[in-house]
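Have a look at run.tsv below; it lists TSV, C-alpha atoms.
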```tsv
chain	number	residue	atom	x	y	z
A	8	MET	CA	69.17	-4.85	-22.89
A	9	LYS	CA	70.94	-8.15	-22.25
A	10	LYS	CA	68.79	-11.23	-22.83
A	11	ALA	CA	68.49	-14.29	-20.62
A	12	LEU	CA	66.61	-17.53	-21.20
A	13	ILE	CA	65.37	-19.80	-18.41
A	14	ILE	CA	64.40	-23.16	-19.88
A	15	THR	CA	63.07	-26.36	-18.32
A	16	VAL	CA	64.79	-29.56	-19.42
A	17	GLY	CA	63.13	-32.97	-19.63
A	18	THR	CA	64.38	-36.35	-20.82
A	19	GLY	CA	61.66	-37.74	-23.01
A	20	ILE	CA	59.71	-40.91	-22.29
A	21	GLY	CA	61.55	-43.97	-21.01
A	22	ASP	CA	65.16	-44.73	-21.95
A	23	ASN	CA	64.66	-43.95	-25.66
A	24	ILE	CA	67.78	-42.04	-26.76
A	25	GLU	CA	65.96	-40.71	-29.80
A	26	ALA	CA	63.33	-39.14	-27.53
A	27	THR	CA	66.08	-37.47	-25.50
A	28	LYS	CA	67.77	-36.18	-28.65
A	29	SER	CA	64.46	-34.83	-29.88
A	30	ILE	CA	63.97	-32.95	-26.59
A	31	ALA	CA	67.54	-31.65	-26.80
A	32	HIS	CA	66.98	-30.44	-30.36
A	33	ALA	CA	63.80	-28.57	-29.34
A	34	ILE	CA	65.68	-26.93	-26.46
A	35	SER	CA	68.54	-25.97	-28.77
A	36	THR	CA	66.04	-24.52	-31.24
A	37	SER	CA	64.55	-22.35	-28.49
A	38	VAL	CA	68.00	-21.18	-27.40
A	39	ARG	CA	69.01	-20.25	-30.94
A	40	ALA	CA	65.75	-18.35	-31.46
A	41	ALA	CA	66.20	-16.37	-28.24
A	42	ASN	CA	69.95	-15.84	-28.80
A	43	PRO	CA	70.49	-15.03	-25.11
A	44	GLU	CA	73.64	-13.83	-23.44
A	45	ARG	CA	72.77	-16.00	-20.44
A	46	ILE	CA	71.04	-19.40	-20.20
A	47	VAL	CA	69.63	-21.00	-17.05
A	48	PHE	CA	68.69	-24.66	-17.45
A	49	VAL	CA	66.11	-25.94	-14.95
A	50	VAL	CA	66.99	-29.62	-14.63
A	51	SER	CA	66.45	-32.81	-12.72
A	52	GLU	CA	69.39	-35.06	-11.93
A	53	GLU	CA	68.29	-37.31	-14.79
A	54	SER	CA	67.94	-34.55	-17.39
A	55	LEU	CA	71.25	-33.05	-16.27
A	56	GLU	CA	72.91	-36.41	-16.94
A	57	ARG	CA	71.04	-37.44	-20.10
A	58	THR	CA	69.71	-34.36	-21.92
A	59	ILE	CA	72.16	-31.56	-21.19
A	60	PRO	CA	75.10	-33.36	-22.92
A	61	GLU	CA	72.94	-33.65	-26.06
A	62	VAL	CA	72.04	-29.95	-25.82
A	63	LYS	CA	75.71	-28.98	-25.45
A	64	ALA	CA	76.57	-31.16	-28.42
A	65	GLU	CA	74.24	-29.02	-30.52
A	66	LEU	CA	75.00	-25.62	-29.02
A	67	GLY	CA	78.65	-25.90	-28.09
A	68	ASP	CA	80.02	-23.87	-25.20
A	69	SER	CA	77.71	-21.14	-23.86
A	70	ASP	CA	77.31	-19.04	-20.75
A	71	CYS	CA	74.91	-21.16	-18.73
A	72	GLU	CA	74.05	-22.22	-15.22
A	73	PHE	CA	71.76	-24.81	-13.72
A	74	VAL	CA	68.86	-24.85	-11.29
A	75	LEU	CA	68.86	-28.42	-10.02
A	76	LEU	CA	65.45	-29.58	-8.82
A	77	LYS	CA	65.32	-32.24	-6.12
A	78	ARG	CA	61.53	-32.60	-6.27
A	79	ILE	CA	60.51	-32.42	-9.93
A	80	GLU	CA	56.86	-33.19	-9.17
A	81	ASP	CA	56.57	-30.45	-6.54
A	82	LEU	CA	54.98	-27.54	-8.40
A	83	ASN	CA	55.51	-25.14	-5.47
A	84	ASP	CA	59.22	-25.92	-5.33
A	85	VAL	CA	59.59	-25.41	-9.09
A	86	PHE	CA	57.65	-22.13	-8.86
A	87	SER	CA	59.85	-20.87	-6.02
A	88	ARG	CA	63.15	-21.84	-7.68
A	89	VAL	CA	62.25	-20.39	-11.08
A	90	SER	CA	60.85	-17.19	-9.50
A	91	SER	CA	64.14	-16.71	-7.65
A	92	ALA	CA	66.08	-17.23	-10.88
A	93	ILE	CA	63.92	-14.67	-12.72
A	94	GLU	CA	64.33	-12.11	-9.95
A	95	LYS	CA	68.10	-12.63	-9.82
A	96	LEU	CA	68.48	-12.15	-13.57
A	97	LYS	CA	66.25	-9.08	-13.65
A	98	ASN	CA	68.29	-7.53	-10.84
A	99	GLN	CA	71.38	-8.11	-13.01
A	100	GLY	CA	69.78	-6.17	-15.85
A	101	TYR	CA	68.58	-9.03	-18.06
A	102	ASP	CA	65.42	-9.15	-20.15
A	103	VAL	CA	64.16	-12.62	-19.23
A	104	VAL	CA	62.18	-15.19	-21.21
A	105	VAL	CA	60.99	-18.47	-19.64
A	106	ASP	CA	60.65	-21.52	-21.93
A	107	PHE	CA	58.56	-24.35	-20.53
A	108	THR	CA	58.58	-26.70	-23.54
A	109	SER	CA	59.98	-29.79	-21.84
A	110	GLY	CA	60.13	-31.38	-18.43
A	111	THR	CA	57.49	-32.89	-16.17
A	112	LYS	CA	54.06	-31.29	-16.06
A	113	ALA	CA	54.96	-29.81	-12.66
A	114	MET	CA	58.17	-28.33	-14.10
A	115	SER	CA	56.36	-26.73	-17.05
A	116	ALA	CA	53.44	-25.49	-14.95
A	117	GLY	CA	55.65	-24.16	-12.16
A	118	ALA	CA	57.89	-22.33	-14.64
A	119	ALA	CA	54.90	-20.81	-16.45
A	120	LEU	CA	53.31	-19.68	-13.17
A	121	ALA	CA	56.60	-18.12	-12.05
A	122	ALA	CA	56.79	-16.19	-15.33
A	123	VAL	CA	53.26	-14.86	-14.88
A	124	SER	CA	53.89	-13.87	-11.26
A	125	GLU	CA	57.07	-12.02	-12.28
A	126	ALA	CA	55.40	-10.40	-15.35
A	127	THR	CA	57.92	-12.17	-17.62
A	128	ARG	CA	57.57	-13.31	-21.23
A	129	VAL	CA	57.22	-17.05	-21.94
A	130	SER	CA	58.04	-19.24	-24.90
A	131	TYR	CA	57.57	-22.81	-26.04
A	132	VAL	CA	58.42	-24.90	-29.07
A	133	SER	CA	55.45	-25.74	-31.25
A	134	GLY	CA	55.07	-27.65	-34.53
A	135	ILE	CA	53.85	-30.92	-36.02
A	136	ARG	CA	53.86	-33.63	-33.37
A	137	VAL	CA	54.79	-37.26	-33.90
A	138	GLY	CA	54.45	-39.62	-30.96
A	139	GLY	CA	53.76	-36.73	-28.59
A	140	ARG	CA	56.91	-34.84	-29.62
A	141	VAL	CA	57.46	-32.02	-32.06
A	142	ALA	CA	58.96	-33.52	-35.22
A	143	LYS	CA	62.58	-32.56	-35.88
A	144	GLY	CA	62.82	-29.84	-38.49
A	145	GLY	CA	59.25	-28.65	-37.97
A	146	GLU	CA	59.81	-26.66	-34.81
A	147	GLN	CA	58.46	-23.16	-34.30
A	148	VAL	CA	59.33	-21.11	-31.24
A	149	LEU	CA	56.39	-19.06	-29.98
A	150	THR	CA	57.11	-16.22	-27.55
A	151	TYR	CA	54.47	-14.06	-25.93
A	152	THR	CA	53.65	-12.07	-22.84
A	153	PRO	CA	50.93	-13.73	-20.72
A	154	VAL	CA	49.03	-10.46	-20.53
A	155	MET	CA	45.71	-11.79	-19.25
A	156	GLY	CA	47.27	-13.80	-16.44
A	157	ILE	CA	49.42	-10.85	-15.38
A	158	ALA	CA	46.44	-8.49	-15.61
A	159	ARG	CA	44.29	-10.77	-13.44
A	160	MET	CA	46.99	-11.04	-10.77
A	161	GLN	CA	47.57	-7.30	-10.81
A	162	GLU	CA	43.83	-6.68	-10.59
A	163	ARG	CA	43.63	-8.84	-7.48
A	164	LEU	CA	46.54	-6.96	-5.92
A	165	ALA	CA	44.80	-3.68	-6.74
A	166	GLY	CA	41.69	-5.04	-5.04
A	167	GLU	CA	43.56	-5.99	-1.90
A	168	LEU	CA	45.08	-2.52	-1.72
A	169	PHE	CA	41.69	-0.87	-2.24
A	170	ASN	CA	40.20	-2.93	0.60
A	171	LEU	CA	43.12	-1.80	2.79
A	172	HIS	CA	42.30	1.83	1.89
A	173	GLN	CA	45.50	2.22	-0.15
A	174	PHE	CA	43.66	3.96	-2.95
A	175	ALA	CA	46.58	5.69	-4.68
A	176	ALA	CA	48.59	2.45	-4.90
A	177	SER	CA	45.56	0.55	-6.19
A	178	GLN	CA	45.00	3.23	-8.82
A	179	ARG	CA	48.64	3.08	-9.99
A	180	ILE	CA	48.55	-0.70	-10.40
A	181	LEU	CA	45.42	-0.55	-12.53
A	182	GLU	CA	47.03	2.17	-14.62
A	183	SER	CA	49.90	-0.19	-15.49
A	184	VAL	CA	47.41	-2.98	-16.26
A	185	GLU	CA	45.44	-0.68	-18.56
A	186	GLN	CA	48.57	0.14	-20.51
A	187	SER	CA	49.51	-3.53	-20.94
A	188	VAL	CA	46.28	-5.19	-22.11
A	189	PRO	CA	45.78	-5.36	-25.89
A	190	ASP	CA	41.97	-5.59	-25.89
A	191	PRO	CA	40.44	-2.07	-26.29
A	192	GLU	CA	37.19	-3.10	-24.59
A	193	LEU	CA	39.04	-4.58	-21.62
A	194	SER	CA	41.28	-1.53	-21.45
A	195	ALA	CA	38.21	0.72	-21.34
A	196	GLY	CA	36.75	-1.33	-18.46
A	197	ILE	CA	39.97	-1.03	-16.47
A	198	ARG	CA	40.08	2.69	-17.18
A	199	GLU	CA	36.55	3.07	-15.78
A	200	LEU	CA	37.45	1.04	-12.70
A	201	ARG	CA	40.56	3.17	-12.19
A	202	ALA	CA	38.43	6.31	-12.37
A	203	VAL	CA	36.12	4.87	-9.69
A	204	ILE	CA	39.08	4.19	-7.41
A	205	LYS	CA	40.34	7.72	-7.99
A	206	GLY	CA	36.88	8.96	-7.00
A	207	TYR	CA	37.04	7.10	-3.71
A	208	ARG	CA	40.58	8.40	-3.13
A	209	LEU	CA	39.28	11.95	-3.60
A	210	TRP	CA	36.41	11.20	-1.23
A	211	ASP	CA	38.87	9.83	1.33
A	212	MET	CA	40.74	13.16	1.03
A	213	PHE	CA	37.48	15.11	1.65
A	214	ARG	CA	37.38	16.36	-1.97
A	215	HIS	CA	33.67	15.67	-2.03
A	216	GLU	CA	32.59	17.68	-5.07
A	217	GLN	CA	35.35	16.17	-7.24
A	218	ALA	CA	34.57	12.71	-5.91
A	219	PHE	CA	30.87	13.07	-6.67
A	220	GLU	CA	31.62	14.24	-10.20
A	221	MET	CA	33.61	11.04	-10.85
A	222	LEU	CA	31.58	8.50	-8.89
A	223	SER	CA	28.13	9.63	-9.99
A	224	LYS	CA	28.92	8.61	-13.58
A	225	SER	CA	29.70	4.95	-12.90
A	226	LYS	CA	27.29	2.05	-12.59
A	227	ARG	CA	29.85	0.24	-10.45
A	228	VAL	CA	29.34	2.65	-7.54
A	229	PRO	CA	26.61	1.77	-5.00
A	230	SER	CA	23.58	4.04	-5.35
A	231	GLN	CA	23.65	4.83	-1.63
A	232	ASN	CA	27.18	6.25	-1.98
A	233	LYS	CA	26.02	8.49	-4.82
A	234	GLU	CA	23.00	9.59	-2.80
A	235	PHE	CA	25.10	10.43	0.25
A	236	LEU	CA	27.70	12.40	-1.70
A	237	GLY	CA	25.03	14.26	-3.64
A	238	ARG	CA	23.27	15.31	-0.46
A	239	LEU	CA	26.52	16.24	1.28
A	240	CYS	CA	27.44	18.51	-1.63
A	241	SER	CA	24.04	20.18	-1.93
A	242	ALA	CA	22.32	20.12	1.47
A	243	GLU	CA	21.61	23.41	3.22
A	244	ASP	CA	22.72	21.86	6.51
A	245	ARG	CA	25.75	19.74	5.65
A	246	ALA	CA	26.98	19.12	9.20
A	247	PRO	CA	25.18	15.76	9.72
A	248	PHE	CA	26.75	14.43	6.53
A	249	PHE	CA	30.20	15.65	7.52
A	250	VAL	CA	29.82	14.02	10.94
A	251	ALA	CA	29.02	10.67	9.31
A	252	ASP	CA	31.83	11.07	6.80
A	253	LEU	CA	34.40	11.96	9.44
A	254	LEU	CA	33.42	8.98	11.56
A	255	ASN	CA	33.84	6.60	8.60
A	256	ASN	CA	37.13	8.25	7.67
A	257	ALA	CA	38.37	7.84	11.24
A	258	GLU	CA	37.38	4.17	11.08
A	259	ARG	CA	39.45	3.67	7.92
A	260	ARG	CA	42.48	5.29	9.53
A	261	PHE	CA	41.96	3.11	12.62
A	262	GLU	CA	41.88	-0.04	10.46
A	263	GLU	CA	45.18	1.07	8.90
A	264	GLY	CA	46.72	1.43	12.35
A	265	LYS	CA	47.09	5.20	11.84
A	266	TYR	CA	45.86	6.04	15.33
A	267	ASP	CA	47.06	9.64	15.40
A	268	ASP	CA	45.21	10.31	12.15
A	269	ALA	CA	42.09	8.62	13.51
A	270	LEU	CA	42.28	10.67	16.72
A	271	ALA	CA	42.55	13.93	14.76
A	272	ARG	CA	39.39	13.07	12.84
A	273	LEU	CA	37.49	12.09	15.98
A	274	TYR	CA	38.52	15.33	17.67
A	275	ARG	CA	37.19	17.30	14.71
A	276	THR	CA	33.98	15.25	14.74
A	277	ILE	CA	33.31	16.07	18.38
A	278	GLU	CA	33.99	19.74	17.70
A	279	LEU	CA	31.66	19.68	14.69
A	280	ILE	CA	28.89	18.08	16.76
A	281	ALA	CA	29.03	21.01	19.18
A	282	GLN	CA	29.04	23.52	16.32
A	283	HIS	CA	26.05	21.80	14.76
A	284	ARG	CA	24.08	21.84	18.01
A	285	LEU	CA	25.02	25.48	18.77
A	286	ARG	CA	23.70	26.56	15.37
A	287	SER	CA	20.26	25.42	16.52
A	288	TYR	CA	20.58	28.17	19.16
A	289	GLY	CA	21.68	30.69	16.54
A	290	VAL	CA	25.30	30.58	17.71
A	291	ASN	CA	28.18	30.68	15.25
A	292	THR	CA	31.33	29.50	17.04
A	293	SER	CA	33.54	31.56	14.69
A	294	ASP	CA	31.81	34.81	15.70
A	295	VAL	CA	29.58	34.46	18.76
A	296	ASP	CA	26.80	37.00	19.18
A	297	PRO	CA	26.74	37.80	22.93
A	298	GLY	CA	22.99	38.28	22.66
A	299	ARG	CA	22.67	34.51	22.09
A	300	VAL	CA	24.48	33.74	25.35
A	301	PRO	CA	22.60	33.53	28.68
A	302	GLU	CA	22.91	36.89	30.42
A	303	GLU	CA	24.27	35.42	33.65
A	304	VAL	CA	27.35	33.99	31.86
A	305	ARG	CA	27.71	36.64	29.15
A	306	ASP	CA	30.72	38.29	30.78
A	307	LYS	CA	32.60	34.98	30.71
A	308	TYR	CA	32.36	34.81	26.94
A	309	GLU	CA	32.97	38.53	26.48
A	310	ARG	CA	36.38	38.01	28.04
A	311	LEU	CA	37.19	35.69	25.12
A	312	ARG	CA	36.85	38.49	22.60
A	313	SER	CA	39.96	38.78	20.42
A	314	GLU	CA	41.77	41.92	19.26
A	315	GLU	CA	39.73	41.60	16.07
A	316	GLY	CA	36.61	41.99	18.14
A	317	LYS	CA	35.32	38.46	17.68
A	318	VAL	CA	34.41	35.77	20.20
A	319	ARG	CA	35.56	32.40	18.89
A	320	LEU	CA	34.92	29.09	20.63
A	321	GLY	CA	37.03	25.95	20.33
A	322	LEU	CA	35.87	22.46	21.19
A	323	HIS	CA	35.87	22.71	24.97
A	324	LYS	CA	34.39	26.23	25.12
A	325	GLY	CA	31.72	25.17	22.65
A	326	TYR	CA	30.54	22.39	24.96
A	327	GLU	CA	30.84	24.72	27.93
A	328	LEU	CA	28.42	27.09	26.22
A	329	LEU	CA	26.05	24.18	25.50
A	330	PHE	CA	26.22	23.38	29.21
A	331	ASP	CA	25.42	27.00	30.06
A	332	LEU	CA	22.47	26.80	27.68
A	333	GLY	CA	21.21	23.71	29.52
A	334	ASP	CA	21.74	21.43	26.52
A	335	GLU	CA	22.11	17.68	27.18
A	336	LEU	CA	25.22	17.44	24.99
A	337	GLY	CA	26.95	20.08	27.08
A	338	GLU	CA	25.93	18.37	30.30
A	339	GLU	CA	27.17	15.01	29.05
A	340	PHE	CA	30.49	16.42	27.89
A	341	VAL	CA	31.20	18.36	31.09
A	342	SER	CA	30.37	15.35	33.27
A	343	ASN	CA	32.39	12.84	31.19
A	344	ARG	CA	35.90	13.12	32.58
A	345	ARG	CA	37.11	10.09	30.64
A	346	LEU	CA	36.09	11.71	27.36
A	347	GLN	CA	37.95	14.89	28.23
A	348	ASP	CA	41.05	12.92	29.23
A	349	LEU	CA	41.02	11.09	25.89
A	350	LEU	CA	40.69	14.37	24.03
A	351	LYS	CA	43.79	15.65	25.80
A	352	ARG	CA	45.70	12.86	24.05
A	353	ARG	CA	45.20	14.88	20.88
A	354	ASN	CA	47.23	17.76	22.34
A	355	TYR	CA	50.09	15.38	23.11
A	356	SER	CA	49.88	13.77	19.66
A	357	ILE	CA	52.64	14.45	17.15
A	358	LEU	CA	49.92	15.70	14.77
A	359	ALA	CA	48.91	18.39	17.27
A	360	HIS	CA	51.28	19.93	19.84
A	361	GLY	CA	53.28	17.04	21.25
A	362	LEU	CA	55.53	14.14	20.32
A	363	THR	CA	53.68	11.22	21.91
A	364	PRO	CA	52.05	8.67	19.58
A	365	VAL	CA	48.51	7.55	20.40
A	366	ASP	CA	47.68	3.93	21.20
A	367	GLY	CA	44.86	2.01	19.56
A	368	GLU	CA	42.95	1.32	22.77
A	369	ALA	CA	42.58	5.03	23.54
A	370	VAL	CA	41.33	5.73	20.02
A	371	SER	CA	38.89	2.82	20.23
A	372	GLN	CA	37.39	4.23	23.44
A	373	LEU	CA	37.18	7.72	21.99
A	374	ARG	CA	35.50	6.36	18.86
A	375	ASP	CA	32.77	4.70	20.95
A	376	MET	CA	32.15	7.89	22.94
A	377	THR	CA	32.10	9.96	19.75
A	378	LEU	CA	29.48	7.65	18.27
A	379	GLU	CA	27.33	8.12	21.38
A	380	LEU	CA	27.56	11.91	21.10
A	381	ALA	CA	26.84	11.77	17.38
A	382	ALA	CA	23.72	9.66	17.93
A	383	LYS	CA	22.31	12.34	20.25
A	384	ALA	CA	23.12	15.20	17.89
A	385	VAL	CA	22.29	13.43	14.61
A	386	PRO	CA	19.51	10.85	15.17
A	387	GLN	CA	19.99	9.36	11.67
A	388	ILE	CA	23.75	8.92	12.10
A	389	ASP	CA	23.72	5.11	11.67
A	390	THR	CA	21.85	5.39	8.37
A	391	LEU	CA	24.11	8.16	7.11
A	392	MET	CA	27.26	6.23	8.01
A	393	GLU	CA	25.97	3.16	6.22
A	394	LYS	CA	25.22	5.18	3.08
A	395	ALA	CA	28.72	6.69	3.24
A	396	ARG	CA	30.56	3.41	3.84
A	397	PHE	CA	32.98	2.53	1.04
A	398	PRO	CA	32.24	-0.75	-0.75
A	399	ARG	CA	34.61	-3.68	-1.01
A	400	PHE	CA	36.53	-3.98	-4.26
A	401	GLU	CA	34.60	-7.16	-5.04
A	402	TYR	CA	31.41	-5.10	-5.31
A	403	LEU	CA	33.02	-2.83	-7.90
A	404	LEU	CA	33.75	-5.93	-10.00
A	405	GLN	CA	30.16	-7.19	-10.05
A	406	GLN	CA	30.18	-6.03	-13.65
A	407	ASN	CA	33.10	-8.22	-14.74
A	408	LEU	CA	35.98	-6.76	-16.70
A	409	TYR	CA	36.71	-10.06	-18.42
```
Let me see the file written as structure tokens.
Amino acid sequence: MKKALIITVGTGIGDNIEATKSIAHAISTSVRAANPERIVFVVSEESLERTIPEVKAELGDSDCEFVLLKRIEDLNDVFSRVSSAIEKLKNQGYDVVVDFTSGTKAMSAGAALAAVSEATRVSYVSGIRVGGRVAKGGEQVLTYTPVMGIARMQERLAGELFNLHQFAASQRILESVEQSVPDPELSAGIRELRAVIKGYRLWDMFRHEQAFEMLSKSKRVPSQNKEFLGRLCSAEDRAPFFVADLLNNAERRFEEGKYDDALARLYRTIELIAQHRLRSYGVNTSDVDPGRVPEEVRDKYERLRSEEGKVRLGLHKGYELLFDLGDELGEEFVSNRRLQDLLKRRNYSILAHGLTPVDGEAVSQLRDMTLELAAKAVPQIDTLMEKARFPRFEYLLQQNLY
């Protein structure tokens, strides 16, 4: 791969020509060590006038360009200009190194920060110092990858993505961090954290058994999450746990702005609430026993019998049967026209039978009504939802990686 060197250029202290020549020699030493096909000098007007001629006198003609700084004490401006130069060179296929040996403190700091933000190697000229400068002839060019700084920045990005429910992206970023850090203990900590994020991704996908297997092993996971998942996977009556989990999942989709996804989950939650309540009457909505239906309305449900000989009830028919049984959930559903209108939005949704996207306000209203229904069917719903709520990434880092 072609090599490029971005290097900050200072002038030395005062008008001392020897100081300028010493700076120029250090810069030339760095250039020779890197042996780049392309050089970008980051200069001030003064260093362009005083130092660059001395550098050229040592190096001769070379393929170079200049980033001229107007505000050499503005760290943000230096950071922005150097970052742009790094990005441009990388897009042209160069392997970039940033040398921050000389220049003002803001120039050196801004260049180093830009290198870290762009995951780029850095270098500087070291050696025996005389009068604050590296003595001529004793220079040593040190080049390294600022792994820890890059890892910390990437970790924070992974955390932001996790908190935005982008679990797969967060997991991938930590995977790249794990592969880059040289410390085996740190690498093991990142690997554990990545496994935890994968566990929450599986949970978010309703792969509860797999999620529990991964999350139950980590001390980073809140105990209430482990308790909830364990009970969901093993309880004889799992419906209350699924109701709580679906509601939290719908909330995550709502926060992402994925309103059609949120609506689909709320629709299923309302259907599951009816199924849960009907089971208390001995009714299985996948295969209704007519003997469990009030005699005066039995013919109505018999007419629903399929060619396979089974009576199956969807969401609306399930609540209709609850109404016929005199159950308060059925009565509330049948009398709530607004709830039924909102549920019709699901049929028009592109994820169901239509092509019309759902708006956030409609989903917000349906969410509130679903919570009210859930509270009547599952008295402990608030507690279950709290136990099933995903933590913030910051909680997972309470046991520091570094």
Task: All residues 8 Å or closer to Arg353 in chain A, all atoms listed in the file, same chain fewer than 5 positions away omitted, as number ranges by chain - done: A: 267, 270-271, 274, 358-360
Those selected residues, please, written with C-alpha atoms and delivered as an mmCIF file, keeping the file's coordinate frame.
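The file below, selection_26.cif, is the result:
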```cif
data_model
loop_
_atom_site.group_PDB
_atom_site.id
_atom_site.type_symbol
_atom_site.label_atom_id
_atom_site.label_comp_id
_atom_site.auth_asym_id
_atom_site.auth_seq_id
_atom_site.Cartn_x
_atom_site.Cartn_y
_atom_site.Cartn_z
ATOM 1 C CA ASP A 267 47.060 9.640 15.400
ATOM 2 C CA LEU A 270 42.280 10.670 16.720
ATOM 3 C CA ALA A 271 42.550 13.930 14.760
ATOM 4 C CA TYR A 274 38.520 15.330 17.670
ATOM 5 C CA LEU A 358 49.920 15.700 14.770
ATOM 6 C CA ALA A 359 48.910 18.390 17.270
ATOM 7 C CA HIS A 360 51.280 19.930 19.840
#
```
Task: range 180-189 of chain A environment, 6 Å, all atoms listed in the file, sequence neighbours closer than 5 positions dropped, as a list in words - done: Ala158, Ser194 and Ile197 of chain A
Open item on the list: Please determine, counting all atoms listed in the file, which residue among A:Arg198, A:Arg305, A:Arg78, A:His32 has the shortest atom-to-atom distance to Leu66 in chain A.
Closed with: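 So, comparing all the options, the nearest one is A:His32.
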Open item on the list: Let me make sure I understand: among A:Val89, A:Ala384, A:Ala113, A:Met376, which one has the smallest atom-to-atom distance to Leu346 in chain A if we use all atoms listed in the file?
Closed with: A:Met376
For a cutoff of 12 Å around the file-coordinate point (32.2, 32.4, 14.1), which residues qualify once you count all atoms listed in the file? I'd like the result as a JSON list (two decimals) with C-alpha atoms, keeping the file's coordinate frame.
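Final output, out.json:
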```json
[["chain", "number", "residue", "atom", "x", "y", "z"],
["A", 282, "GLN", "CA", 29.04, 23.52, 16.32],
["A", 285, "LEU", "CA", 25.02, 25.48, 18.77],
["A", 286, "ARG", "CA", 23.70, 26.56, 15.37],
["A", 289, "GLY", "CA", 21.68, 30.69, 16.54],
["A", 290, "VAL", "CA", 25.30, 30.58, 17.71],
["A", 291, "ASN", "CA", 28.18, 30.68, 15.25],
["A", 292, "THR", "CA", 31.33, 29.50, 17.04],
["A", 293, "SER", "CA", 33.54, 31.56, 14.69],
["A", 294, "ASP", "CA", 31.81, 34.81, 15.70],
["A", 295, "VAL", "CA", 29.58, 34.46, 18.76],
["A", 296, "ASP", "CA", 26.80, 37.00, 19.18],
["A", 297, "PRO", "CA", 26.74, 37.80, 22.93],
["A", 312, "ARG", "CA", 36.85, 38.49, 22.60],
["A", 313, "SER", "CA", 39.96, 38.78, 20.42],
["A", 316, "GLY", "CA", 36.61, 41.99, 18.14],
["A", 317, "LYS", "CA", 35.32, 38.46, 17.68],
["A", 318, "VAL", "CA", 34.41, 35.77, 20.20],
["A", 319, "ARG", "CA", 35.56, 32.40, 18.89],
["A", 320, "LEU", "CA", 34.92, 29.09, 20.63],
["A", 321, "GLY", "CA", 37.03, 25.95, 20.33],
["A", 325, "GLY", "CA", 31.72, 25.17, 22.65]]
```
- [ ] Anything within 8 Å of (41.2, 5.7, -9.0): list those residues as JSON, numbers by chain, counting only C-alpha atoms and sticking to the file's coordinates.
- [x] {"A": [174, 175, 177, 178, 179, 200, 201, 202, 203, 204, 205, 206, 207, 208]}
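Distances here use only C-alpha atoms; by that measure, the residue among A:Gln99, A:Ser287, A:Thr36, A:Ser87 closest to Lys9 in chain A is A:Gln99.
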Open item on the list: Using all atoms listed in the file for the distances, tell me which of A:Glu199, A:Val103, A:Leu350, A:Val154 is nearest to Lys224 in chain A.
Closed with: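 Among the listed residues, A:Glu199 lies closest to Lys224 in chain A.
Considering all atoms listed in the file, the residue among A:Arg352, A:Asp331, A:Asn170, A:Ala269 positioned nearest to Tyr402 in chain A is A:Asn170.
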Open item on the list: I'd like the interatomic distance between CA of Tyr355 in chain A and CA of Lys265 in chain A, to a tenth of an Å.
Closed with: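 Between these atoms lies a distance of 15.5 Å.
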Open item on the list: I want to know what sits within 10 Å of Arg374 in chain A, based on all atoms listed in the file, with residues of the same chain fewer than 4 positions away left out; could you give that as a list in words?
Closed with: Leu254, Ala257, Glu258, Phe261, Ala269, Leu270, Arg272, Leu273, Tyr274, Thr276, Ile277, Glu368, Ala369, Val370, Leu378, Glu379 and Leu380 of chain A
Task: Minimum-distance residue to Ala40 in chain A, chosen among A:Val148, A:Leu253, A:Val104, A:Leu96 (using all atoms listed in the file) - done: A:Val148
Task: Residues within 10 Å of Val132 in chain A, all atoms listed in the file, excluding chain neighbours under 4 positions, as a ChimeraX atom specification - done: /A:33-34,36-37,106-109,141,145-150
Task: Coordinates-based distance that separates CA of Val16 in chain A from CA of Gly110 in chain A (Å, one decimal) - done: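 Separation of CA of Gly110 in chain A and CA of Val16 in chain A: 5.1 Å.
For the pair CA of Tyr266 in chain A and CA of Ile357 in chain A, the separation is 11.0 Å.
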Listed atoms of range 244-254 of chain A, axis-aligned box, 8 Å per side: centre and edge lengths to one decimal in Å, as JSON?
```
{"center_x": 28.6, "center_y": 15.4, "center_z": 8.6, "size_x": 27.7, "size_y": 28.9, "size_z": 21.9}
```
Task: Near-Leu279 in chain A list (9 Å; only C-alpha atoms; drop same-chain fewer than 6 positions) as a PyMOL selection string - done: chain A and resi 246+249-250+322
Kindly complete range 379-384 of chain A to N, CA and C atoms; the output should be written as a compact mmCIF listing (two decimals), keeping the file's coordinate frame.
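Written file, selection21.txt:
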```
# COMPACT_ATOMS: atom_id res chain seq x y z
N GLU A 379 28.44 7.83 20.46
CA GLU A 379 27.33 8.12 21.38
C GLU A 379 26.91 9.58 21.29
N LEU A 380 27.89 10.48 21.25
CA LEU A 380 27.56 11.91 21.10
C LEU A 380 26.87 12.18 19.77
N ALA A 381 27.40 11.55 18.71
CA ALA A 381 26.84 11.77 17.38
C ALA A 381 25.40 11.29 17.30
N ALA A 382 25.09 10.19 17.96
CA ALA A 382 23.72 9.66 17.93
C ALA A 382 22.73 10.61 18.59
N LYS A 383 23.19 11.36 19.59
CA LYS A 383 22.31 12.34 20.25
C LYS A 383 22.13 13.60 19.40
N ALA A 384 23.18 13.97 18.68
CA ALA A 384 23.12 15.20 17.89
C ALA A 384 22.52 14.97 16.51
```
